[in-house]
>>> print(open('work.txt').read())   # compact mmCIF, C-alpha atoms and all ligand atoms
# COMPACT_ATOMS: atom_id res chain seq x y z
CA MET Q 1 35.26 -223.64 129.86
CA SER Q 2 34.70 -223.20 126.11
CA THR Q 3 37.70 -222.89 123.80
CA PRO Q 4 38.77 -219.24 123.59
CA THR Q 5 38.61 -217.52 120.21
CA LEU Q 6 42.02 -217.16 118.60
CA TYR Q 7 42.68 -214.13 116.38
CA ALA Q 8 45.92 -215.44 114.84
CA PRO Q 9 47.21 -218.98 114.22
CA ILE Q 10 48.67 -219.84 117.61
CA ASP Q 11 49.37 -223.21 119.18
CA LEU Q 12 47.95 -223.28 122.71
CA GLN Q 13 50.31 -226.15 123.58
CA ARG Q 14 53.39 -223.98 122.95
CA LEU Q 15 52.47 -220.70 124.58
CA PRO Q 16 55.15 -218.49 126.09
CA LYS Q 17 55.07 -219.26 129.81
CA HIS Q 18 55.74 -215.68 130.79
CA VAL Q 19 54.79 -212.61 128.74
CA GLY Q 20 56.02 -209.11 129.60
CA ILE Q 21 54.44 -205.97 128.16
CA ILE Q 22 55.74 -202.41 128.05
CA MET Q 23 52.51 -200.54 127.39
CA ASP Q 24 53.84 -197.59 125.42
CA GLY Q 25 52.10 -194.91 123.39
CA ASN Q 26 49.24 -193.66 125.58
CA GLY Q 27 50.48 -190.05 125.29
CA ARG Q 28 50.77 -190.18 121.49
CA TRP Q 29 47.34 -191.82 121.24
CA ALA Q 30 45.83 -188.99 123.28
CA LYS Q 31 47.55 -186.39 121.10
CA GLN Q 32 46.37 -188.07 117.89
CA ASN Q 33 42.82 -188.04 119.23
CA LYS Q 34 43.13 -184.45 120.51
CA LEU Q 35 42.56 -185.58 124.08
CA LYS Q 36 44.33 -184.92 127.36
CA VAL Q 37 47.09 -187.39 128.22
CA ALA Q 38 45.04 -188.77 131.12
CA MET Q 39 42.46 -189.96 128.56
CA GLY Q 40 45.23 -191.85 126.78
CA HIS Q 41 46.06 -193.66 130.01
CA ARG Q 42 42.36 -194.33 130.60
CA ALA Q 43 42.05 -195.89 127.13
CA GLY Q 44 45.26 -197.82 127.89
CA THR Q 45 43.62 -199.27 130.98
CA GLU Q 46 40.79 -200.66 128.83
CA ALA Q 47 43.33 -202.39 126.59
CA LEU Q 48 45.05 -203.82 129.63
CA ARG Q 49 41.81 -205.28 131.03
CA GLU Q 50 41.20 -207.20 127.81
CA ILE Q 51 44.77 -208.53 127.63
CA ILE Q 52 44.71 -209.72 131.25
CA ARG Q 53 41.37 -211.50 130.78
CA ASN Q 54 42.49 -213.18 127.58
CA SER Q 55 45.87 -214.24 129.03
CA SER Q 56 43.99 -216.04 131.77
CA ASP Q 57 41.55 -217.60 129.28
CA ILE Q 58 44.18 -218.96 126.89
CA GLY Q 59 46.41 -220.29 129.69
CA ILE Q 60 49.41 -217.96 129.92
CA GLN Q 61 51.21 -218.76 133.20
CA ALA Q 62 52.58 -215.30 133.99
CA LEU Q 63 51.92 -211.82 132.63
CA SER Q 64 54.02 -208.82 133.68
CA LEU Q 65 52.84 -205.29 132.86
CA TYR Q 66 54.92 -202.12 133.19
CA ALA Q 67 52.43 -199.60 134.62
CA PHE Q 68 54.61 -197.02 136.36
CA SER Q 69 58.40 -196.76 136.43
CA THR Q 70 60.55 -195.05 139.06
CA GLU Q 71 61.24 -192.41 136.36
CA ASN Q 72 57.52 -191.69 135.79
CA TRP Q 73 57.45 -189.55 138.96
CA ASN Q 74 59.19 -186.90 136.83
CA ARG Q 75 56.08 -186.34 134.70
CA SER Q 76 53.73 -183.45 135.48
CA GLN Q 77 51.85 -183.59 138.75
CA ALA Q 78 48.55 -183.82 136.85
CA GLU Q 79 49.71 -186.86 134.87
CA VAL Q 80 51.14 -188.63 137.93
CA GLU Q 81 47.89 -188.01 139.80
CA ALA Q 82 45.83 -189.30 136.87
CA LEU Q 83 47.91 -192.48 136.70
CA MET Q 84 47.66 -193.01 140.46
CA GLN Q 85 43.88 -192.60 140.29
CA LEU Q 86 43.61 -195.06 137.40
CA ILE Q 87 45.69 -197.58 139.32
CA LEU Q 88 43.41 -197.21 142.34
CA ASP Q 89 40.24 -197.45 140.23
CA PHE Q 90 41.62 -200.50 138.44
CA PHE Q 91 42.22 -202.41 141.65
CA HIS Q 92 38.85 -201.47 143.09
CA SER Q 93 36.90 -202.38 139.97
CA GLU Q 94 38.80 -205.51 138.87
CA ILE Q 95 39.74 -207.29 142.08
CA ASP Q 96 36.53 -209.35 142.40
CA GLU Q 97 36.68 -210.66 138.84
CA LEU Q 98 40.42 -211.34 138.99
CA ASP Q 99 40.05 -213.25 142.24
CA GLU Q 100 37.14 -215.22 140.76
CA LYS Q 101 39.33 -216.10 137.79
CA ASN Q 102 41.92 -217.49 140.23
CA VAL Q 103 44.48 -214.81 139.22
CA ARG Q 104 47.35 -214.21 141.64
CA ILE Q 105 48.45 -210.58 141.78
CA THR Q 106 52.02 -209.57 142.59
CA ILE Q 107 53.27 -206.00 142.58
CA LEU Q 108 56.76 -205.53 141.18
CA GLY Q 109 58.37 -202.46 142.69
CA ASP Q 110 58.67 -200.43 145.87
CA LYS Q 111 55.20 -199.92 147.31
CA SER Q 112 56.50 -197.95 150.31
CA ALA Q 113 56.85 -194.73 148.29
CA LEU Q 114 53.27 -194.79 146.97
CA PRO Q 115 50.38 -192.72 148.34
CA GLU Q 116 48.66 -194.52 151.21
CA LYS Q 117 45.40 -195.39 149.42
CA GLN Q 118 47.22 -196.94 146.50
CA ARG Q 119 49.65 -198.78 148.78
CA GLU Q 120 46.79 -200.26 150.78
CA ALA Q 121 44.85 -201.33 147.69
CA LEU Q 122 47.91 -203.07 146.26
CA ILE Q 123 48.75 -204.84 149.51
CA GLN Q 124 45.13 -205.98 149.86
CA ALA Q 125 45.08 -207.27 146.29
CA GLU Q 126 48.27 -209.26 146.89
CA GLU Q 127 46.96 -210.68 150.16
CA ARG Q 128 43.52 -211.53 148.82
CA THR Q 129 44.82 -213.34 145.74
CA GLY Q 130 48.05 -214.73 147.26
CA LYS Q 131 46.85 -218.34 147.32
CA ASN Q 132 45.31 -218.33 143.84
CA THR Q 133 46.82 -220.81 141.40
CA GLY Q 134 45.85 -219.42 137.98
CA LEU Q 135 47.48 -216.64 135.95
CA LYS Q 136 50.30 -214.91 137.81
CA LEU Q 137 49.63 -211.26 137.11
CA ASN Q 138 52.56 -208.98 137.89
CA ILE Q 139 51.97 -205.25 137.78
CA ALA Q 140 55.08 -203.10 137.95
CA ILE Q 141 54.42 -199.91 139.88
CA ASN Q 142 57.24 -197.65 141.07
CA TYR Q 143 59.48 -200.28 139.53
CA GLY Q 144 63.03 -200.11 138.23
CA GLY Q 145 65.00 -203.14 137.02
CA ARG Q 146 68.33 -202.00 138.44
CA ALA Q 147 66.72 -201.17 141.79
CA GLU Q 148 65.26 -204.69 141.83
CA LEU Q 149 68.76 -206.16 141.32
CA VAL Q 150 70.24 -203.97 144.06
CA ARG Q 151 67.45 -205.05 146.40
CA ALA Q 152 68.18 -208.72 145.69
CA ALA Q 153 71.89 -208.12 146.41
CA GLN Q 154 70.97 -206.41 149.69
CA LEU Q 155 68.76 -209.33 150.72
CA LEU Q 156 71.59 -211.77 150.01
CA ALA Q 157 74.04 -209.58 151.95
CA GLN Q 158 71.64 -209.57 154.91
CA ASP Q 159 71.59 -213.37 154.88
CA VAL Q 160 75.40 -213.38 154.88
CA LYS Q 161 75.47 -210.90 157.76
CA ALA Q 162 73.05 -213.08 159.71
CA GLY Q 163 75.35 -216.06 159.14
CA ALA Q 164 72.72 -217.93 157.12
CA LEU Q 165 74.69 -217.97 153.85
CA SER Q 166 78.31 -217.73 152.69
CA PRO Q 167 79.20 -215.61 149.62
CA GLU Q 168 80.71 -218.73 147.98
CA ALA Q 169 77.26 -220.35 148.09
CA PHE Q 170 75.59 -217.63 145.96
CA THR Q 171 73.93 -219.07 142.88
CA GLU Q 172 71.73 -217.70 140.14
CA GLU Q 173 68.79 -219.53 141.74
CA LEU Q 174 69.37 -217.90 145.14
CA PHE Q 175 69.60 -214.52 143.45
CA ALA Q 176 66.43 -215.08 141.44
CA ASP Q 177 64.64 -216.12 144.63
CA ARG Q 178 65.15 -212.59 145.92
CA LEU Q 179 63.58 -210.84 142.95
CA TYR Q 180 59.94 -209.78 142.97
CA THR Q 181 59.31 -212.63 140.53
CA ALA Q 182 60.66 -215.37 142.83
CA GLY Q 183 59.34 -218.76 141.79
CA MET Q 184 58.17 -217.61 138.35
CA PRO Q 185 59.61 -218.65 134.98
CA ASP Q 186 61.83 -216.19 133.09
CA VAL Q 187 60.15 -213.92 130.55
CA ASP Q 188 59.82 -215.76 127.20
CA LEU Q 189 58.15 -213.00 125.21
CA MET Q 190 58.54 -209.25 125.79
CA ILE Q 191 56.21 -206.96 123.85
CA ARG Q 192 56.68 -203.20 123.59
CA THR Q 193 54.06 -201.28 121.69
CA SER Q 194 54.32 -197.97 119.77
CA GLY Q 195 57.40 -198.92 117.73
CA GLU Q 196 59.93 -197.99 120.41
CA MET Q 197 62.62 -200.63 120.77
CA ARG Q 198 63.99 -200.24 124.29
CA LEU Q 199 63.77 -202.18 127.52
CA SER Q 200 63.65 -199.02 129.68
CA ASN Q 201 64.89 -200.75 132.84
CA PHE Q 202 62.12 -203.39 132.81
CA MET Q 203 62.87 -206.90 134.13
CA LEU Q 204 66.58 -206.86 133.28
CA TRP Q 205 67.33 -210.23 134.89
CA GLN Q 206 64.17 -211.98 133.79
CA CYS Q 207 64.60 -211.01 130.10
CA SER Q 208 67.99 -212.68 129.62
CA TYR Q 209 66.64 -215.03 126.94
CA ALA Q 210 63.38 -213.32 126.07
CA GLU Q 211 62.20 -212.92 122.49
CA PHE Q 212 61.26 -209.31 121.71
CA VAL Q 213 58.36 -208.19 119.56
CA PHE Q 214 57.77 -204.52 118.78
CA PRO Q 215 54.36 -203.88 117.24
CA THR Q 216 54.01 -200.30 116.00
CA VAL Q 217 50.45 -199.88 117.30
CA LEU Q 218 49.96 -197.47 120.20
CA TRP Q 219 49.01 -199.20 123.46
CA PRO Q 220 45.32 -198.13 123.62
CA ASP Q 221 44.84 -199.70 120.15
CA PHE Q 222 46.51 -202.98 121.13
CA ASP Q 223 43.78 -205.61 120.90
CA LEU Q 224 43.50 -209.39 120.95
CA ARG Q 225 44.35 -209.63 117.27
CA GLN Q 226 47.60 -207.78 117.92
CA TYR Q 227 48.28 -209.85 121.04
CA HIS Q 228 47.79 -213.18 119.31
CA GLN Q 229 49.92 -212.02 116.38
CA CYS Q 230 52.76 -211.31 118.83
CA ILE Q 231 52.37 -214.82 120.26
CA ALA Q 232 52.33 -216.29 116.74
CA GLU Q 233 55.54 -214.39 115.93
CA PHE Q 234 57.12 -215.75 119.12
CA GLN Q 235 56.12 -219.28 118.14
CA GLY Q 236 57.78 -218.80 114.75
CA ARG Q 237 61.14 -217.92 116.31
CA LYS Q 238 63.97 -220.42 116.85
CA ARG Q 239 65.24 -220.14 120.42
CA ARG Q 240 68.74 -221.48 120.92
CA PHE Q 241 69.59 -220.21 124.42
CA GLY Q 242 73.21 -219.76 123.35
CA LYS Q 243 73.58 -223.30 122.01
CA ARG Q 244 74.43 -224.22 118.40
CA GLU Q 245 71.61 -225.66 116.39
CA GLU Q 246 71.64 -229.44 115.88
C1 LIG Y 301 53.45 -195.29 128.46
O1 LIG Y 301 52.81 -194.41 127.57
C2 LIG Y 301 52.52 -195.72 129.48
C3 LIG Y 301 52.62 -195.40 130.79
C4 LIG Y 301 53.70 -194.58 131.33
C5 LIG Y 301 51.61 -195.85 131.76
C6 LIG Y 301 50.93 -197.15 131.48
C7 LIG Y 301 49.70 -197.21 132.29
C8 LIG Y 301 48.50 -197.70 131.93
C9 LIG Y 301 48.27 -198.39 130.66
C10 LIG Y 301 47.29 -197.57 132.80
C11 LIG Y 301 47.45 -197.58 134.28
C12 LIG Y 301 47.84 -198.88 134.84
C13 LIG Y 301 47.05 -199.70 135.56
C14 LIG Y 301 47.60 -200.93 136.20
C15 LIG Y 301 45.62 -199.46 135.75
P1 LIG Y 301 53.38 -192.93 127.38
O2 LIG Y 301 52.50 -192.02 128.17
O3 LIG Y 301 54.83 -192.88 127.73
O4 LIG Y 301 53.15 -192.74 125.85
P2 LIG Y 301 53.94 -191.74 124.88
O5 LIG Y 301 55.34 -192.27 124.75
O6 LIG Y 301 53.17 -191.82 123.62
O7 LIG Y 301 53.88 -190.39 125.53
>>> encode(input="work.txt", output="structure tokens", more="lines below")
Ligand code: FPP
Amino acid sequence: MSTPTLYAPIDLQRLPKHVGIIMDGNGRWAKQNKLKVAMGHRAGTEALREIIRNSSDIGIQALSLYAFSTENWNRSQAEVEALMQLILDFFHSEIDELDEKNVRITILGDKSALPEKQREALIQAEERTGKNTGLKLNIAINYGGRAELVRAAQLLAQDVKAGALSPEAFTEELFADRLYTAGMPDVDLMIRTSGEMRLSNFMLWQCSYAEFVFPTVLWPDFDLRQYHQCIAEFQGRKRRFGKREE
């Protein structure tokens, strides 16, 4: 494959292994453009397509996108329905290309509470791409970070109840193995667009040592230039992981 175009000075040998993105600002973008909020989410989906494709092309190992939180059910029925439709359309229109690109899709979150069509599309996407070995694409839908931690604790407790594990044997690794991201590296770089500087219950465990970058651009305007600039900023940071510098 030809070398991908880079829009900022980034070193492809030192990429963040795992990038997380909180795609914020679709509503404000719609308002600025005098459009309905659903159009903001639609434009946001276009931005997301480009970022996924490019992450695969430049060799990012894992990309996690926050598409729908457990709190998003509290938005108007029209907005929830628009988001659910976009999610369905996305999986229908992108699955062939993603599979061809060797992308492995994992859904972070509780699929059981989703409408049937969406649930089926997500399960099919996970099954179809489950053996792929390229970019690990995690899409968080009906996801909450605390709920993910509680679920991991429940799974460990079940193993104890079944006599397969003793509480003294609990380790961070065993806990991490029960998260949706089992087997994946921790998040190195977390990006939140639109200037908001919050984690909003996204990947609480996995972000323990993440570097945060907060571009002010609204998500639908986030392009490859912005993306590569975030990676360049990450590469300029000194990560100490709690140790003192030599
Ligand atoms: C935050 O913007 C964004 C969301 C709640 C949804 C993100 C979803 C997409 C980008 C598209 C759908 C996803 C897939 C996988 C196809 P906001 O509406 O909170 O923005 P605001 O703060 O400006 O109102």
>>> atom_distance(input="work.txt", atom1="CA of Tyr66 in chain Q", atom2="CA of Asp24 in chain Q")
9.1 Å
>>> residues_around(input="work.txt", residues="Glu172 in chain Q", least_positions_apart="2", cutoff="12 Å", atoms="all atoms listed in the file", output="mmCIF file with C-alpha atoms, in the frame of the given file")
data_model
loop_
_atom_site.group_PDB
_atom_site.id
_atom_site.type_symbol
_atom_site.label_atom_id
_atom_site.label_comp_id
_atom_site.auth_asym_id
_atom_site.auth_seq_id
_atom_site.Cartn_x
_atom_site.Cartn_y
_atom_site.Cartn_z
ATOM 1 C CA LEU Q 149 68.760 -206.160 141.320
ATOM 2 C CA ALA Q 152 68.180 -208.720 145.690
ATOM 3 C CA ALA Q 153 71.890 -208.120 146.410
ATOM 4 C CA LEU Q 156 71.590 -211.770 150.010
ATOM 5 C CA GLU Q 168 80.710 -218.730 147.980
ATOM 6 C CA ALA Q 169 77.260 -220.350 148.090
ATOM 7 C CA PHE Q 170 75.590 -217.630 145.960
ATOM 8 C CA LEU Q 174 69.370 -217.900 145.140
ATOM 9 C CA PHE Q 175 69.600 -214.520 143.450
ATOM 10 C CA ALA Q 176 66.430 -215.080 141.440
ATOM 11 C CA ASP Q 177 64.640 -216.120 144.630
ATOM 12 C CA ARG Q 178 65.150 -212.590 145.920
ATOM 13 C CA LEU Q 179 63.580 -210.840 142.950
ATOM 14 C CA ALA Q 182 60.660 -215.370 142.830
ATOM 15 C CA TRP Q 205 67.330 -210.230 134.890
ATOM 16 C CA GLN Q 206 64.170 -211.980 133.790
#
>>> closest_residue(input="work.txt", among="Q:Arg192, Q:Lys17, Q:Lys136, Q:Arg119", to="ligand LIG 301 (chain Y)", atoms="all atoms listed in the file")
Q:Arg192
>>> residues_near_point(input="work.txt", point="(52.1, -193.0, 126.8)", cutoff="9 Å", atoms="all atoms listed in the file", output="PyMOL selection string")
chain Q and resi 23-30+37+40-41+44+194+218-219
>>> closest_atom_pairs(input="work.txt", of="chain Q", to="ligand LIG 301 (chain Y)", cutoff="10 Å", atoms="all atoms listed in the file", output="CSV")
residue,atom,partner,partner_atom,distance
Q:Ile22,CA,Y:LIG301,C1,7.5
Q:Met23,CA,Y:LIG301,C2,5.3
Q:Asp24,CA,Y:LIG301,C1,3.8
Q:Gly25,CA,Y:LIG301,O6,3.3
Q:Asn26,CA,Y:LIG301,O4,4.0
Q:Gly27,CA,Y:LIG301,O7,3.4
Q:Arg28,CA,Y:LIG301,O6,3.6
Q:Trp29,CA,Y:LIG301,O6,6.3
Q:Ala30,CA,Y:LIG301,O6,7.9
Q:Lys31,CA,Y:LIG301,O6,8.2
Q:Gln32,CA,Y:LIG301,O6,9.7
Q:Val37,CA,Y:LIG301,O2,7.1
Q:Ala38,CA,Y:LIG301,O2,8.7
Q:Met39,CA,Y:LIG301,C10,10.0
Q:Gly40,CA,Y:LIG301,O2,7.4
Q:His41,CA,Y:LIG301,C10,5.0
Q:Arg42,CA,Y:LIG301,C10,6.3
Q:Ala43,CA,Y:LIG301,C9,7.6
Q:Gly44,CA,Y:LIG301,C9,4.1
Q:Thr45,CA,Y:LIG301,C10,4.4
Q:Glu46,CA,Y:LIG301,C9,8.0
Q:Ala47,CA,Y:LIG301,C9,7.5
Q:Leu48,CA,Y:LIG301,C9,6.4
Q:Arg49,CA,Y:LIG301,C15,8.4
Q:Leu65,CA,Y:LIG301,C14,7.6
Q:Tyr66,CA,Y:LIG301,C6,6.6
Q:Ala67,CA,Y:LIG301,C6,4.3
Q:Phe68,CA,Y:LIG301,C5,5.6
Q:Ser69,CA,Y:LIG301,C4,7.3
Q:Glu71,CA,Y:LIG301,C4,9.3
Q:Asn72,CA,Y:LIG301,C4,6.5
Q:Trp73,CA,Y:LIG301,C4,9.9
Q:Arg75,CA,Y:LIG301,C4,9.2
Q:Glu79,CA,Y:LIG301,O2,8.9
Q:Val80,CA,Y:LIG301,C4,9.2
Q:Ala82,CA,Y:LIG301,C11,8.8
Q:Leu83,CA,Y:LIG301,C11,5.7
Q:Met84,CA,Y:LIG301,C11,7.7
Q:Gln85,CA,Y:LIG301,C15,8.4
Q:Leu86,CA,Y:LIG301,C15,5.1
Q:Ile87,CA,Y:LIG301,C15,4.0
Q:Leu88,CA,Y:LIG301,C15,7.3
Q:Asp89,CA,Y:LIG301,C15,7.3
Q:Phe90,CA,Y:LIG301,C15,4.9
Q:Phe91,CA,Y:LIG301,C15,7.4
Q:Glu94,CA,Y:LIG301,C15,9.6
Q:Ile107,CA,Y:LIG301,C14,9.9
Q:Asn138,CA,Y:LIG301,C14,9.6
Q:Ile139,CA,Y:LIG301,C14,6.3
Q:Ala140,CA,Y:LIG301,C14,8.0
Q:Ile141,CA,Y:LIG301,C14,7.8
Q:Arg192,CA,Y:LIG301,C1,9.8
Q:Thr193,CA,Y:LIG301,C1,9.1
Q:Ser194,CA,Y:LIG301,O6,7.3
Q:Gly195,CA,Y:LIG301,O5,9.9
Q:Glu196,CA,Y:LIG301,O5,8.5
Q:Leu218,CA,Y:LIG301,O6,7.3
Q:Trp219,CA,Y:LIG301,C9,7.3
Q:Pro220,CA,Y:LIG301,C9,7.6
>>> build_atoms(input="work.txt", residues="range 10-28 of chain Q", atoms="N, CA, C and O atoms", output="PDB file, in the coordinates of the input")
ATOM      1  N   ILE Q  10      47.734-219.521 116.529  1.00  0.00           N
ATOM      2  CA  ILE Q  10      48.670-219.840 117.610  1.00  0.00           C
ATOM      3  C   ILE Q  10      48.380-221.231 118.170  1.00  0.00           C
ATOM      4  O   ILE Q  10      47.255-221.704 118.131  1.00  0.00           O
ATOM      5  N   ASP Q  11      49.445-221.854 118.644  1.00  0.00           N
ATOM      6  CA  ASP Q  11      49.370-223.210 119.180  1.00  0.00           C
ATOM      7  C   ASP Q  11      49.286-223.100 120.707  1.00  0.00           C
ATOM      8  O   ASP Q  11      50.258-222.697 121.356  1.00  0.00           O
ATOM      9  N   LEU Q  12      48.143-223.444 121.262  1.00  0.00           N
ATOM     10  CA  LEU Q  12      47.950-223.280 122.710  1.00  0.00           C
ATOM     11  C   LEU Q  12      48.834-224.220 123.526  1.00  0.00           C
ATOM     12  O   LEU Q  12      48.995-224.036 124.734  1.00  0.00           O
ATOM     13  N   GLN Q  13      49.407-225.229 122.864  1.00  0.00           N
ATOM     14  CA  GLN Q  13      50.310-226.150 123.580  1.00  0.00           C
ATOM     15  C   GLN Q  13      51.722-225.565 123.700  1.00  0.00           C
ATOM     16  O   GLN Q  13      52.543-226.086 124.453  1.00  0.00           O
ATOM     17  N   ARG Q  14      52.017-224.534 122.931  1.00  0.00           N
ATOM     18  CA  ARG Q  14      53.390-223.980 122.950  1.00  0.00           C
ATOM     19  C   ARG Q  14      53.380-222.490 123.279  1.00  0.00           C
ATOM     20  O   ARG Q  14      54.130-221.694 122.704  1.00  0.00           O
ATOM     21  N   LEU Q  15      52.556-222.129 124.215  1.00  0.00           N
ATOM     22  CA  LEU Q  15      52.470-220.700 124.580  1.00  0.00           C
ATOM     23  C   LEU Q  15      53.727-220.263 125.323  1.00  0.00           C
ATOM     24  O   LEU Q  15      54.354-221.074 126.013  1.00  0.00           O
ATOM     25  N   PRO Q  16      54.095-218.982 125.201  1.00  0.00           N
ATOM     26  CA  PRO Q  16      55.150-218.490 126.090  1.00  0.00           C
ATOM     27  C   PRO Q  16      54.641-218.626 127.522  1.00  0.00           C
ATOM     28  O   PRO Q  16      53.474-218.341 127.799  1.00  0.00           O
ATOM     29  N   LYS Q  17      55.518-219.096 128.414  1.00  0.00           N
ATOM     30  CA  LYS Q  17      55.070-219.260 129.810  1.00  0.00           C
ATOM     31  C   LYS Q  17      54.862-217.890 130.449  1.00  0.00           C
ATOM     32  O   LYS Q  17      53.951-217.680 131.223  1.00  0.00           O
ATOM     33  N   HIS Q  18      55.776-216.983 130.124  1.00  0.00           N
ATOM     34  CA  HIS Q  18      55.740-215.680 130.790  1.00  0.00           C
ATOM     35  C   HIS Q  18      55.826-214.571 129.720  1.00  0.00           C
ATOM     36  O   HIS Q  18      56.772-214.528 128.941  1.00  0.00           O
ATOM     37  N   VAL Q  19      54.821-213.730 129.697  1.00  0.00           N
ATOM     38  CA  VAL Q  19      54.790-212.610 128.740  1.00  0.00           C
ATOM     39  C   VAL Q  19      54.980-211.303 129.515  1.00  0.00           C
ATOM     40  O   VAL Q  19      54.341-211.090 130.551  1.00  0.00           O
ATOM     41  N   GLY Q  20      55.856-210.448 129.030  1.00  0.00           N
ATOM     42  CA  GLY Q  20      56.020-209.110 129.600  1.00  0.00           C
ATOM     43  C   GLY Q  20      55.501-208.089 128.601  1.00  0.00           C
ATOM     44  O   GLY Q  20      55.619-208.299 127.388  1.00  0.00           O
ATOM     45  N   ILE Q  21      54.915-207.012 129.089  1.00  0.00           N
ATOM     46  CA  ILE Q  21      54.440-205.970 128.160  1.00  0.00           C
ATOM     47  C   ILE Q  21      54.827-204.585 128.662  1.00  0.00           C
ATOM     48  O   ILE Q  21      54.557-204.225 129.815  1.00  0.00           O
ATOM     49  N   ILE Q  22      55.489-203.821 127.787  1.00  0.00           N
ATOM     50  CA  ILE Q  22      55.740-202.410 128.050  1.00  0.00           C
ATOM     51  C   ILE Q  22      54.669-201.659 127.263  1.00  0.00           C
ATOM     52  O   ILE Q  22      54.687-201.615 126.028  1.00  0.00           O
ATOM     53  N   MET Q  23      53.726-201.113 128.011  1.00  0.00           N
ATOM     54  CA  MET Q  23      52.510-200.540 127.390  1.00  0.00           C
ATOM     55  C   MET Q  23      52.811-199.099 126.993  1.00  0.00           C
ATOM     56  O   MET Q  23      52.526-198.175 127.734  1.00  0.00           O
ATOM     57  N   ASP Q  24      53.356-198.918 125.802  1.00  0.00           N
ATOM     58  CA  ASP Q  24      53.840-197.590 125.420  1.00  0.00           C
ATOM     59  C   ASP Q  24      52.939-196.952 124.367  1.00  0.00           C
ATOM     60  O   ASP Q  24      52.382-197.650 123.507  1.00  0.00           O
ATOM     61  N   GLY Q  25      52.807-195.644 124.445  1.00  0.00           N
ATOM     62  CA  GLY Q  25      52.100-194.910 123.390  1.00  0.00           C
ATOM     63  C   GLY Q  25      50.799-194.252 123.829  1.00  0.00           C
ATOM     64  O   GLY Q  25      50.081-193.692 122.989  1.00  0.00           O
ATOM     65  N   ASN Q  26      50.499-194.282 125.124  1.00  0.00           N
ATOM     66  CA  ASN Q  26      49.240-193.660 125.580  1.00  0.00           C
ATOM     67  C   ASN Q  26      49.232-192.153 125.297  1.00  0.00           C
ATOM     68  O   ASN Q  26      48.205-191.592 124.901  1.00  0.00           O
ATOM     69  N   GLY Q  27      50.386-191.503 125.502  1.00  0.00           N
ATOM     70  CA  GLY Q  27      50.480-190.050 125.290  1.00  0.00           C
ATOM     71  C   GLY Q  27      50.259-189.703 123.822  1.00  0.00           C
ATOM     72  O   GLY Q  27      49.492-188.786 123.487  1.00  0.00           O
ATOM     73  N   ARG Q  28      50.911-190.456 122.934  1.00  0.00           N
ATOM     74  CA  ARG Q  28      50.770-190.180 121.490  1.00  0.00           C
ATOM     75  C   ARG Q  28      49.339-190.471 121.026  1.00  0.00           C
ATOM     76  O   ARG Q  28      48.772-189.764 120.208  1.00  0.00           O
TER      77      ARG Q  28
END
